[in-house]
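Novice: Next up is a structure, given as structure tokens.
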Amino acid sequence: MARRRQEGRMALVLVAVGALSVVAAGCQEGEASGAQSNALSSSVWPAPPITDRTIVAQVRRELASHPAVAGQKIEVEVTEGVVTLRGEVDNLRARRAATEIGEAIKGVRAVVNVIGVKPALRPDAAIRRDVLDALATNAATSAYPLTVEVRGSQVTLRGRLESWVEKQLAGEVARGIRGVAALNNAITVTYPRHRHDSAITRDVQAALQNDVRLNPGSGPIDVDVHGGRVWLRGTVGSAAEKSQASYDAWVYGTRAVDDSELVVEYWAPDPMRAMQLPSHDDAKTRRAVRAALTLDPRVSVEELRVRAQDGVVTLDGVVDSLQGKRAAEETAGDTVGVFRVVDLLDVREVPTVDDARLARRVHQVLGWDPVLGRYRLGAGVDEHVAWLRGVVPSVYDRQLAERAVAQIPGITAIADHLRISGSGPALSDRGLRNRVRERLDWTPGLIPGRVKVRAADQVVTLSGVVRSYHARRLAEARAWDAGAWRVDNTLIVER
């Protein structure tokens, strides 16, 4: 397939991620706000040129400002759109975040991550105890029959589970423990019954077609299955889409996924086709949402009901945890044909666990975390509602604390009183607006110029039209990533 000619010279940049001097290209973030600081960004904004040099610069900016990797030193190389990350971080989750940040940048074909992890030293026995306790505390993983070994801060998980997604979730829990330097996920996936290749093919095709995160403008993805091994062929518009397509291919019965012939071409999506998502009737939308929820181990679907009317999906019933409630809304919103999600789900209380015991668990999960453990956070539980107080440097850290607490069975809601201190001097209104706009322009799946940005006193307002419920949430997430202290999302999903 023809490739756009890239710059031949390799660009190498040593990124001091915590540096406050990094500013968005083409804008003066330190400039005092003036009469135009509240003005809407122009709906006509030139698309960024995509070369190895501009990709390096954007990866550098994104790593420099994202709280997940703040304060780390990472080297970035880009050759023909392939990003290589080197350096060292202090926790395993930051290493994973660096990959995800790189994959989510327009023009990146792949990310090769050779970053080392050097966490604060902890005894192997303490790490093992915390991993076991974390797996037992998480509502989704508490029943997994797993063993944990730790040698030299490397965690090895073993056991048998019934899905690849369950295996990944167990790995994510282990990565979130202080002191873990590496993870060997040796869990074996054993399906209770055999599935024919034709059934696996149908499920993979449905999963790809129903995932709104895969840009329809890139064209269809071909699926071949032989002996449970799935081959994906075609073209996608970003490295993030390729990773998502590979993830979607792990349906019940999949034994391996080969995505080597799934080519990333950032110019492949046709903007006009991209805006025309496949039409779904309500019955099909409901079935697609139900199928996606069934595959998510965080969501207990036995008492969960899904309704769809004119693209509005309503979820009601009971789930086992606040983590499951939030995951259900997110999963439904990532489904083609969904324009809005109404979440009426209740979280099951655990009457045998009182508030005092729940409060001890809240303190435990906050202390296990390699980031949250650095802060002095107050927490407690009142009638199964957890409350959080204290100061954290970013919205990312506040969301991290909420996700940690939401996994505990019996916690039905969170009263979040955490204050944001900021990790550096506040941007001017113009600087924040330009940074958000830059993030949007470099994000695959968002059409440049369709989202307007206003900034005032660290509050970002988004307006305009997007093509899906997922794109609406994605635009908001990019505004948070850019450093907003509050985001008012008034984006309209086009039907």
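Quick note on naming: the chains in the structure tokens go A, B, ... in the order shown, residues restart at 1 in each chain, and ligands are numbered from 1 in order of appearance.
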Write down as a ChimeraX atom specification the residues belonging to segment 43-236 of chain A that are assigned alpha helix (DSSP H) by DSSP computed on the backbone.
Specialist: /A:52-65,92-103,124-137,164-175,197-210
Novice: Taking 5 positions as the minimum chain separation for residues in the same chain, which residues sit within 7 Å of segment 457-461 of chain A when counting only C-alpha atoms? Answer as a list in words.
Specialist: Asp429, Ala484, Trp485, Arg486, Val487, Asp488 and Asn489 of chain A
Novice: Emit the selected residues as a PDB file, in the first residue's frame, including C-alpha atoms.
Specialist:
```pdb
ATOM      1  CA  ASP A 429      -7.221  31.477  29.214  1.00  0.00           C
ATOM      2  CA  ALA A 484      -8.792  22.080  32.670  1.00  0.00           C
ATOM      3  CA  TRP A 485     -10.038  22.264  36.252  1.00  0.00           C
ATOM      4  CA  ARG A 486     -13.625  21.981  35.088  1.00  0.00           C
ATOM      5  CA  VAL A 487     -15.211  21.040  31.754  1.00  0.00           C
ATOM      6  CA  ASP A 488     -18.675  22.149  30.670  1.00  0.00           C
ATOM      7  CA  ASN A 489     -19.573  19.783  27.854  1.00  0.00           C
TER       8      ASN A 489
END
```
Novice: Which is closer to Gly71 of chain A than all the others in A:Ala57, A:Val405, A:Val83, A:Val89, using only C-alpha atoms?
Specialist: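 Nearest to Gly71 of chain A: A:Val89.
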Novice: Would you compute the distance between atom CA of Val59 of chain A and atom CA of Glu103 of chain A? Give it in Å to one decimal.
Specialist: 9.5 Å
Novice: Leaving out segment 236-249 of chain A and any residue of its chain fewer than 6 positions from it, which residues lie within 10 Å of it when counting only C-alpha atoms, given as a VMD selection string?
Specialist: chain A and resid 81 to 82 99 to 111 164 to 165 200 to 201 203 to 211 213 to 221 223 229 to 230 255 to 260 262 to 270 292 295 443 to 445
Novice: Separation of atom CA of Arg178 of chain A and atom CA of Gly152 of chain A, in Å?
Specialist: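 These two atoms are separated by 13.4 Å.
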Novice: Can you work out which one of A:Gln364, A:Thr190, A:Val353, A:Thr235 has the shortest atom-to-atom distance to Arg129 of chain A, counting only C-alpha atoms?
Specialist: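 Ranking A:Gln364, A:Thr190, A:Val353, A:Thr235 by distance to Arg129 of chain A, first place goes to A:Gln364.
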Novice: Determine which residues of segment 287-455 of chain A DSSP labels as strand (DSSP E) from the backbone of this structure, then write them out as a PyMOL selection string.
Specialist: chain A and resi 304-309+312-319+340-347+378-382+385-392+413-420+451-455
Novice: Could you jot down the atom CA of Thr141 of chain A to atom CA of Gly176 of chain A separation for me, Å, one decimal place?
Specialist: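 Result for atom CA of Thr141 of chain A versus atom CA of Gly176 of chain A: 13.7 Å, one decimal.
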Novice: Using only C-alpha atoms, which residues sit within 8 Å of Arg435 of chain A once same-chain residues fewer than 3 positions away are excluded, as a PyMOL selection string?
Specialist: chain A and resi 24+431-432+438-439+482
Novice: Output N, CA and C atoms for every residue in that selection, as a PDB file, in the first residue's frame.
Specialist:
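To be explicit, this is the file written out as part.pdb:
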```pdb
ATOM      1  N   ALA A  24       2.622  24.652  24.041  1.00  0.00           N
ATOM      2  CA  ALA A  24       2.049  24.193  22.788  1.00  0.00           C
ATOM      3  C   ALA A  24       2.659  24.952  21.636  1.00  0.00           C
ATOM      4  N   GLY A 431      -3.880  30.321  26.618  1.00  0.00           N
ATOM      5  CA  GLY A 431      -2.997  29.165  26.607  1.00  0.00           C
ATOM      6  C   GLY A 431      -3.764  27.863  26.797  1.00  0.00           C
ATOM      7  N   LEU A 432      -4.716  27.863  27.736  1.00  0.00           N
ATOM      8  CA  LEU A 432      -5.507  26.653  27.969  1.00  0.00           C
ATOM      9  C   LEU A 432      -6.380  26.341  26.766  1.00  0.00           C
ATOM     10  N   GLU A 438      -5.377  22.083  20.451  1.00  0.00           N
ATOM     11  CA  GLU A 438      -4.289  21.271  19.901  1.00  0.00           C
ATOM     12  C   GLU A 438      -4.522  19.787  20.168  1.00  0.00           C
ATOM     13  N   ARG A 439      -4.941  19.457  21.403  1.00  0.00           N
ATOM     14  CA  ARG A 439      -5.212  18.066  21.733  1.00  0.00           C
ATOM     15  C   ARG A 439      -6.316  17.503  20.838  1.00  0.00           C
ATOM     16  N   ALA A 482      -5.701  18.273  29.021  1.00  0.00           N
ATOM     17  CA  ALA A 482      -4.983  19.513  28.716  1.00  0.00           C
ATOM     18  C   ALA A 482      -4.779  20.387  29.944  1.00  0.00           C
TER      19      ALA A 482
END
```
